[in-house]
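Q: Got a structure for you, final.cif, holding mmCIF, C-alpha atoms, pLDDT in the B column; chains and numbers go by the auth columns.
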data_final
loop_
_atom_site.group_PDB
_atom_site.id
_atom_site.type_symbol
_atom_site.label_atom_id
_atom_site.label_comp_id
_atom_site.label_asym_id
_atom_site.label_seq_id
_atom_site.Cartn_x
_atom_site.Cartn_y
_atom_site.Cartn_z
_atom_site.B_iso_or_equiv
_atom_site.auth_seq_id
_atom_site.auth_asym_id
ATOM 1 C CA MET A 1 42.916 -57.351 115.822 53.00 1 V
ATOM 2 C CA ALA A 2 42.358 -54.025 114.058 55.00 2 V
ATOM 3 C CA ARG A 3 45.257 -51.693 113.387 60.00 3 V
ATOM 4 C CA PRO A 4 45.326 -48.203 114.844 69.00 4 V
ATOM 5 C CA PRO A 5 44.301 -45.534 112.322 65.00 5 V
ATOM 6 C CA GLN A 6 47.688 -43.792 112.552 74.00 6 V
ATOM 7 C CA GLN A 7 49.556 -46.943 111.534 85.00 7 V
ATOM 8 C CA LEU A 8 47.237 -47.539 108.576 85.00 8 V
ATOM 9 C CA ALA A 9 47.533 -43.893 107.476 87.00 9 V
ATOM 10 C CA GLY A 10 51.321 -44.123 107.736 87.00 10 V
ATOM 11 C CA ARG A 11 51.391 -47.184 105.513 90.00 11 V
ATOM 12 C CA ILE A 12 49.195 -45.434 102.955 93.00 12 V
ATOM 13 C CA TRP A 13 51.507 -42.378 102.896 93.00 13 V
ATOM 14 C CA VAL A 14 54.647 -44.488 102.573 93.00 14 V
ATOM 15 C CA SER A 15 53.088 -46.525 99.764 94.00 15 V
ATOM 16 C CA GLY A 16 51.935 -43.361 98.020 96.00 16 V
ATOM 17 C CA VAL A 17 55.370 -41.741 98.164 95.00 17 V
ATOM 18 C CA THR A 18 57.009 -44.943 96.923 96.00 18 V
ATOM 19 C CA LEU A 19 54.592 -45.117 93.988 96.00 19 V
ATOM 20 C CA LEU A 20 55.163 -41.423 93.230 96.00 20 V
ATOM 21 C CA ILE A 21 58.934 -41.929 93.101 96.00 21 V
ATOM 22 C CA ALA A 22 58.484 -44.939 90.824 96.00 22 V
ATOM 23 C CA PHE A 23 56.064 -43.097 88.538 97.00 23 V
ATOM 24 C CA ILE A 24 58.301 -40.050 88.119 95.00 24 V
ATOM 25 C CA ALA A 25 61.479 -42.103 87.651 94.00 25 V
ATOM 26 C CA TYR A 26 60.248 -44.781 85.288 93.00 26 V
ATOM 27 C CA SER A 27 57.608 -42.946 83.266 95.00 27 V
ATOM 28 C CA SER A 28 60.219 -40.422 82.159 91.00 28 V
ATOM 29 C CA GLN A 29 62.459 -43.268 81.022 91.00 29 V
ATOM 30 C CA ILE A 30 59.741 -45.206 79.216 90.00 30 V
ATOM 31 C CA PHE A 31 57.914 -42.334 77.525 92.00 31 V
ATOM 32 C CA ILE A 32 60.643 -39.730 76.944 90.00 32 V
ATOM 33 C CA ILE A 33 64.160 -41.166 77.018 89.00 33 V
ATOM 34 C CA TRP A 34 63.602 -44.517 75.237 88.00 34 V
ATOM 35 C CA PRO A 35 61.645 -43.042 72.301 89.00 35 V
ATOM 36 C CA TRP A 36 64.278 -40.318 71.910 89.00 36 V
ATOM 37 C CA TYR A 37 66.936 -43.031 71.423 87.00 37 V
ATOM 38 C CA GLY A 38 64.754 -45.077 69.066 87.00 38 V
ATOM 39 C CA HIS A 39 63.868 -47.980 71.402 83.00 39 V
ATOM 40 C CA GLU A 40 67.328 -49.504 70.872 88.00 40 V
ATOM 41 C CA VAL A 41 69.806 -50.360 73.596 88.00 41 V
ATOM 42 C CA THR A 42 72.983 -48.477 72.767 89.00 42 V
ATOM 43 C CA VAL A 43 76.047 -47.446 74.703 93.00 43 V
ATOM 44 C CA GLU A 44 74.825 -43.834 74.793 92.00 44 V
ATOM 45 C CA LEU A 45 71.506 -44.945 76.255 90.00 45 V
ATOM 46 C CA LEU A 46 73.254 -46.972 78.927 92.00 46 V
ATOM 47 C CA VAL A 47 75.575 -44.062 79.731 93.00 47 V
ATOM 48 C CA LEU A 48 72.440 -42.028 80.415 92.00 48 V
ATOM 49 C CA LEU A 49 70.264 -44.608 82.165 92.00 49 V
ATOM 50 C CA VAL A 50 72.769 -46.377 84.436 95.00 50 V
ATOM 51 C CA PRO A 51 73.649 -43.254 86.467 95.00 51 V
ATOM 52 C CA PHE A 52 69.990 -42.161 86.464 94.00 52 V
ATOM 53 C CA ASN A 53 68.811 -45.513 87.830 96.00 53 V
ATOM 54 C CA THR A 54 71.670 -45.513 90.337 97.00 54 V
ATOM 55 C CA LEU A 55 70.427 -42.170 91.633 96.00 55 V
ATOM 56 C CA VAL A 56 66.878 -43.529 91.798 96.00 56 V
ATOM 57 C CA ALA A 57 68.187 -46.477 93.833 97.00 57 V
ATOM 58 C CA PHE A 58 69.942 -44.031 96.186 97.00 58 V
ATOM 59 C CA LEU A 59 66.658 -42.129 96.516 96.00 59 V
ATOM 60 C CA TYR A 60 64.838 -45.326 97.478 97.00 60 V
ATOM 61 C CA TRP A 61 67.599 -46.224 99.963 97.00 61 V
ATOM 62 C CA ASN A 62 67.457 -42.802 101.624 96.00 62 V
ATOM 63 C CA TYR A 63 63.663 -42.925 101.809 95.00 63 V
ATOM 64 C CA PHE A 64 63.909 -46.371 103.404 94.00 64 V
ATOM 65 C CA LEU A 65 66.343 -44.988 105.996 92.00 65 V
ATOM 66 C CA CYS A 66 64.050 -42.012 106.598 91.00 66 V
ATOM 67 C CA VAL A 67 61.021 -44.229 107.199 89.00 67 V
ATOM 68 C CA TYR A 68 62.734 -46.801 109.443 88.00 68 V
ATOM 69 C CA SER A 69 65.100 -44.580 111.450 87.00 69 V
ATOM 70 C CA ASP A 70 64.187 -43.434 114.929 84.00 70 V
ATOM 71 C CA PRO A 71 63.734 -39.653 114.889 82.00 71 V
ATOM 72 C CA GLY A 72 65.149 -39.333 118.395 83.00 72 V
ATOM 73 C CA THR A 73 63.873 -37.328 121.322 85.00 73 V
ATOM 74 C CA PRO A 74 64.388 -33.774 122.564 83.00 74 V
ATOM 75 C CA PRO A 75 67.101 -33.272 125.177 82.00 75 V
ATOM 76 C CA ASP A 76 66.021 -33.512 128.833 85.00 76 V
ATOM 77 C CA ASN A 77 66.598 -29.799 129.574 84.00 77 V
ATOM 78 C CA TRP A 78 64.285 -28.480 126.872 80.00 78 V
#
Now, as a test, write the supplied structure out as structure tokens.

A:
Amino acid sequence: MARPPQQLAGRIWVSGVTLLIAFIAYSSQIFIIWPWYGHEVTVELLVLLVPFNTLVAFLYWNYFLCVYSDPGTPPDNW
């Protein structure tokens, strides 16, 4: 059975936003932060990256909640 176009478009948008978050978060780490610290794992690097990746995880969690939460309905008297 074919999927409705709205459901397919929604999946494409959610996948696109997820890939955009991943690209922005991880490309900055790989191409800017790691070369700045000399490609070595040090305490200073971990002090920078652990909170950053924790915030990225919170961003993914909030986006997950946004996508799967019911938006609700207007009140009856509107």

Q: For CA of Leu59 in chain V and CA of Leu46 in chain V, quote the distance in Å rounded to one decimal.

A: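 So the two atoms, CA of Leu59 in chain V and CA of Leu46 in chain V, lie 19.4 Å apart.
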
Q: Taking (70.1, -42.7, 81.1) in the coordinates of the supplied file, I want to know which residues reach to within 12 Å of it, counting all atoms listed in the file; could you give the answer as JSON, numbers by chain?

A: {"V": [25, 26, 28, 29, 30, 32, 33, 34, 36, 37, 41, 42, 43, 44, 45, 46, 47, 48, 49, 50, 51, 52, 53, 54, 55, 56]}

Q: What separation in Å, quoted to one decimal, exists between CA of Phe58 in chain V and CA of Gly16 in chain V?

A: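 We find that CA of Phe58 in chain V and CA of Gly16 in chain V lie 18.1 Å from each other.
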
Q: Write out as JSON an axis-aligned box for range 45-57 of chain V: all of its atoms listed in the file, 8 Å added on each side, centre and edge lengths in Å with one decimal.

A:
{"center_x": 71.2, "center_y": -44.5, "center_z": 85.0, "size_x": 24.7, "size_y": 20.9, "size_z": 33.6}

Q: Can you pull out every residue within 10 Å of range 62-78 of chain V, counting only C-alpha atoms, but drop anything in the same chain fewer than 2 positions away, and send it as a list in words?

A: Gly10, Val14, Val17, Thr18, Ile21, Val56, Ala57, Phe58, Leu59 and Tyr60 of chain V

Q: Take the residues that were just selected and, keeping C-alpha atoms, output them as an mmCIF file, in the frame of the given file.

A:
data_model
loop_
_atom_site.group_PDB
_atom_site.id
_atom_site.type_symbol
_atom_site.label_atom_id
_atom_site.label_comp_id
_atom_site.auth_asym_id
_atom_site.auth_seq_id
_atom_site.Cartn_x
_atom_site.Cartn_y
_atom_site.Cartn_z
ATOM 1 C CA GLY V 10 51.321 -44.123 107.736
ATOM 2 C CA VAL V 14 54.647 -44.488 102.573
ATOM 3 C CA VAL V 17 55.370 -41.741 98.164
ATOM 4 C CA THR V 18 57.009 -44.943 96.923
ATOM 5 C CA ILE V 21 58.934 -41.929 93.101
ATOM 6 C CA VAL V 56 66.878 -43.529 91.798
ATOM 7 C CA ALA V 57 68.187 -46.477 93.833
ATOM 8 C CA PHE V 58 69.942 -44.031 96.186
ATOM 9 C CA LEU V 59 66.658 -42.129 96.516
ATOM 10 C CA TYR V 60 64.838 -45.326 97.478
#

Q: For a test of reading the model, state the distance in Å between CA of Trp61 in chain V and CA of Glu40 in chain V, rounded to one decimal.

A: 29.3 Å

Q: Generate the coordinates of N, CA, C and O atoms for range 62-78 of chain V; report them as a PDB file, in the frame of the given file.

A:
ATOM      1  N   ASN V  62      67.588 -43.880 100.659  1.00 96.00           N
ATOM      2  CA  ASN V  62      67.457 -42.802 101.624  1.00 96.00           C
ATOM      3  C   ASN V  62      66.032 -42.689 102.160  1.00 96.00           C
ATOM      4  O   ASN V  62      65.831 -42.371 103.332  1.00 96.00           O
ATOM      5  N   TYR V  63      65.046 -42.940 101.325  1.00 95.00           N
ATOM      6  CA  TYR V  63      63.663 -42.925 101.809  1.00 95.00           C
ATOM      7  C   TYR V  63      63.428 -44.082 102.772  1.00 95.00           C
ATOM      8  O   TYR V  63      62.751 -43.914 103.791  1.00 95.00           O
ATOM      9  N   PHE V  64      63.997 -45.239 102.490  1.00 94.00           N
ATOM     10  CA  PHE V  64      63.909 -46.371 103.404  1.00 94.00           C
ATOM     11  C   PHE V  64      64.518 -46.015 104.756  1.00 94.00           C
ATOM     12  O   PHE V  64      63.926 -46.283 105.814  1.00 94.00           O
ATOM     13  N   LEU V  65      65.698 -45.394 104.747  1.00 92.00           N
ATOM     14  CA  LEU V  65      66.343 -44.988 105.996  1.00 92.00           C
ATOM     15  C   LEU V  65      65.502 -43.946 106.728  1.00 92.00           C
ATOM     16  O   LEU V  65      65.411 -43.973 107.967  1.00 92.00           O
ATOM     17  N   CYS V  66      64.895 -43.045 105.994  1.00 91.00           N
ATOM     18  CA  CYS V  66      64.050 -42.012 106.598  1.00 91.00           C
ATOM     19  C   CYS V  66      62.830 -42.632 107.277  1.00 91.00           C
ATOM     20  O   CYS V  66      62.447 -42.217 108.369  1.00 91.00           O
ATOM     21  N   VAL V  67      62.235 -43.622 106.651  1.00 89.00           N
ATOM     22  CA  VAL V  67      61.021 -44.229 107.199  1.00 89.00           C
ATOM     23  C   VAL V  67      61.341 -45.098 108.412  1.00 89.00           C
ATOM     24  O   VAL V  67      60.612 -45.082 109.413  1.00 89.00           O
ATOM     25  N   TYR V  68      62.453 -45.837 108.386  1.00 88.00           N
ATOM     26  CA  TYR V  68      62.734 -46.801 109.443  1.00 88.00           C
ATOM     27  C   TYR V  68      63.700 -46.315 110.514  1.00 88.00           C
ATOM     28  O   TYR V  68      63.988 -47.055 111.445  1.00 88.00           O
ATOM     29  N   SER V  69      64.196 -45.097 110.420  1.00 87.00           N
ATOM     30  CA  SER V  69      65.100 -44.580 111.450  1.00 87.00           C
ATOM     31  C   SER V  69      64.307 -43.922 112.561  1.00 87.00           C
ATOM     32  O   SER V  69      63.288 -43.273 112.335  1.00 87.00           O
ATOM     33  N   ASP V  70      64.794 -44.068 113.783  1.00 84.00           N
ATOM     34  CA  ASP V  70      64.187 -43.434 114.929  1.00 84.00           C
ATOM     35  C   ASP V  70      64.492 -41.937 114.881  1.00 84.00           C
ATOM     36  O   ASP V  70      65.650 -41.545 114.747  1.00 84.00           O
ATOM     37  N   PRO V  71      63.468 -41.085 114.988  1.00 82.00           N
ATOM     38  CA  PRO V  71      63.734 -39.653 114.889  1.00 82.00           C
ATOM     39  C   PRO V  71      64.435 -39.088 116.112  1.00 82.00           C
ATOM     40  O   PRO V  71      64.923 -37.966 116.076  1.00 82.00           O
ATOM     41  N   GLY V  72      64.506 -39.836 117.183  1.00 83.00           N
ATOM     42  CA  GLY V  72      65.149 -39.333 118.395  1.00 83.00           C
ATOM     43  C   GLY V  72      64.170 -38.594 119.279  1.00 83.00           C
ATOM     44  O   GLY V  72      62.975 -38.511 119.014  1.00 83.00           O
ATOM     45  N   THR V  73      64.692 -38.052 120.373  1.00 85.00           N
ATOM     46  CA  THR V  73      63.873 -37.328 121.322  1.00 85.00           C
ATOM     47  C   THR V  73      64.540 -36.000 121.655  1.00 85.00           C
ATOM     48  O   THR V  73      65.754 -35.862 121.496  1.00 85.00           O
ATOM     49  N   PRO V  74      63.774 -35.024 122.153  1.00 83.00           N
ATOM     50  CA  PRO V  74      64.388 -33.774 122.564  1.00 83.00           C
ATOM     51  C   PRO V  74      65.276 -33.993 123.793  1.00 83.00           C
ATOM     52  O   PRO V  74      65.046 -34.910 124.580  1.00 83.00           O
ATOM     53  N   PRO V  75      66.272 -33.149 123.980  1.00 82.00           N
ATOM     54  CA  PRO V  75      67.101 -33.272 125.177  1.00 82.00           C
ATOM     55  C   PRO V  75      66.275 -33.064 126.455  1.00 82.00           C
ATOM     56  O   PRO V  75      65.201 -32.444 126.433  1.00 82.00           O
ATOM     57  N   ASP V  76      66.770 -33.572 127.574  1.00 85.00           N
ATOM     58  CA  ASP V  76      66.021 -33.512 128.833  1.00 85.00           C
ATOM     59  C   ASP V  76      65.795 -32.082 129.315  1.00 85.00           C
ATOM     60  O   ASP V  76      64.788 -31.794 129.947  1.00 85.00           O
ATOM     61  N   ASN V  77      66.697 -31.160 129.067  1.00 84.00           N
ATOM     62  CA  ASN V  77      66.598 -29.799 129.574  1.00 84.00           C
ATOM     63  C   ASN V  77      65.756 -28.873 128.708  1.00 84.00           C
ATOM     64  O   ASN V  77      65.730 -27.666 128.958  1.00 84.00           O
ATOM     65  N   TRP V  78      65.079 -29.351 127.735  1.00 80.00           N
ATOM     66  CA  TRP V  78      64.285 -28.480 126.872  1.00 80.00           C
ATOM     67  C   TRP V  78      62.968 -28.190 127.504  1.00 80.00           C
ATOM     68  O   TRP V  78      62.174 -28.853 127.908  1.00 80.00           O
TER      69      TRP V  78
END
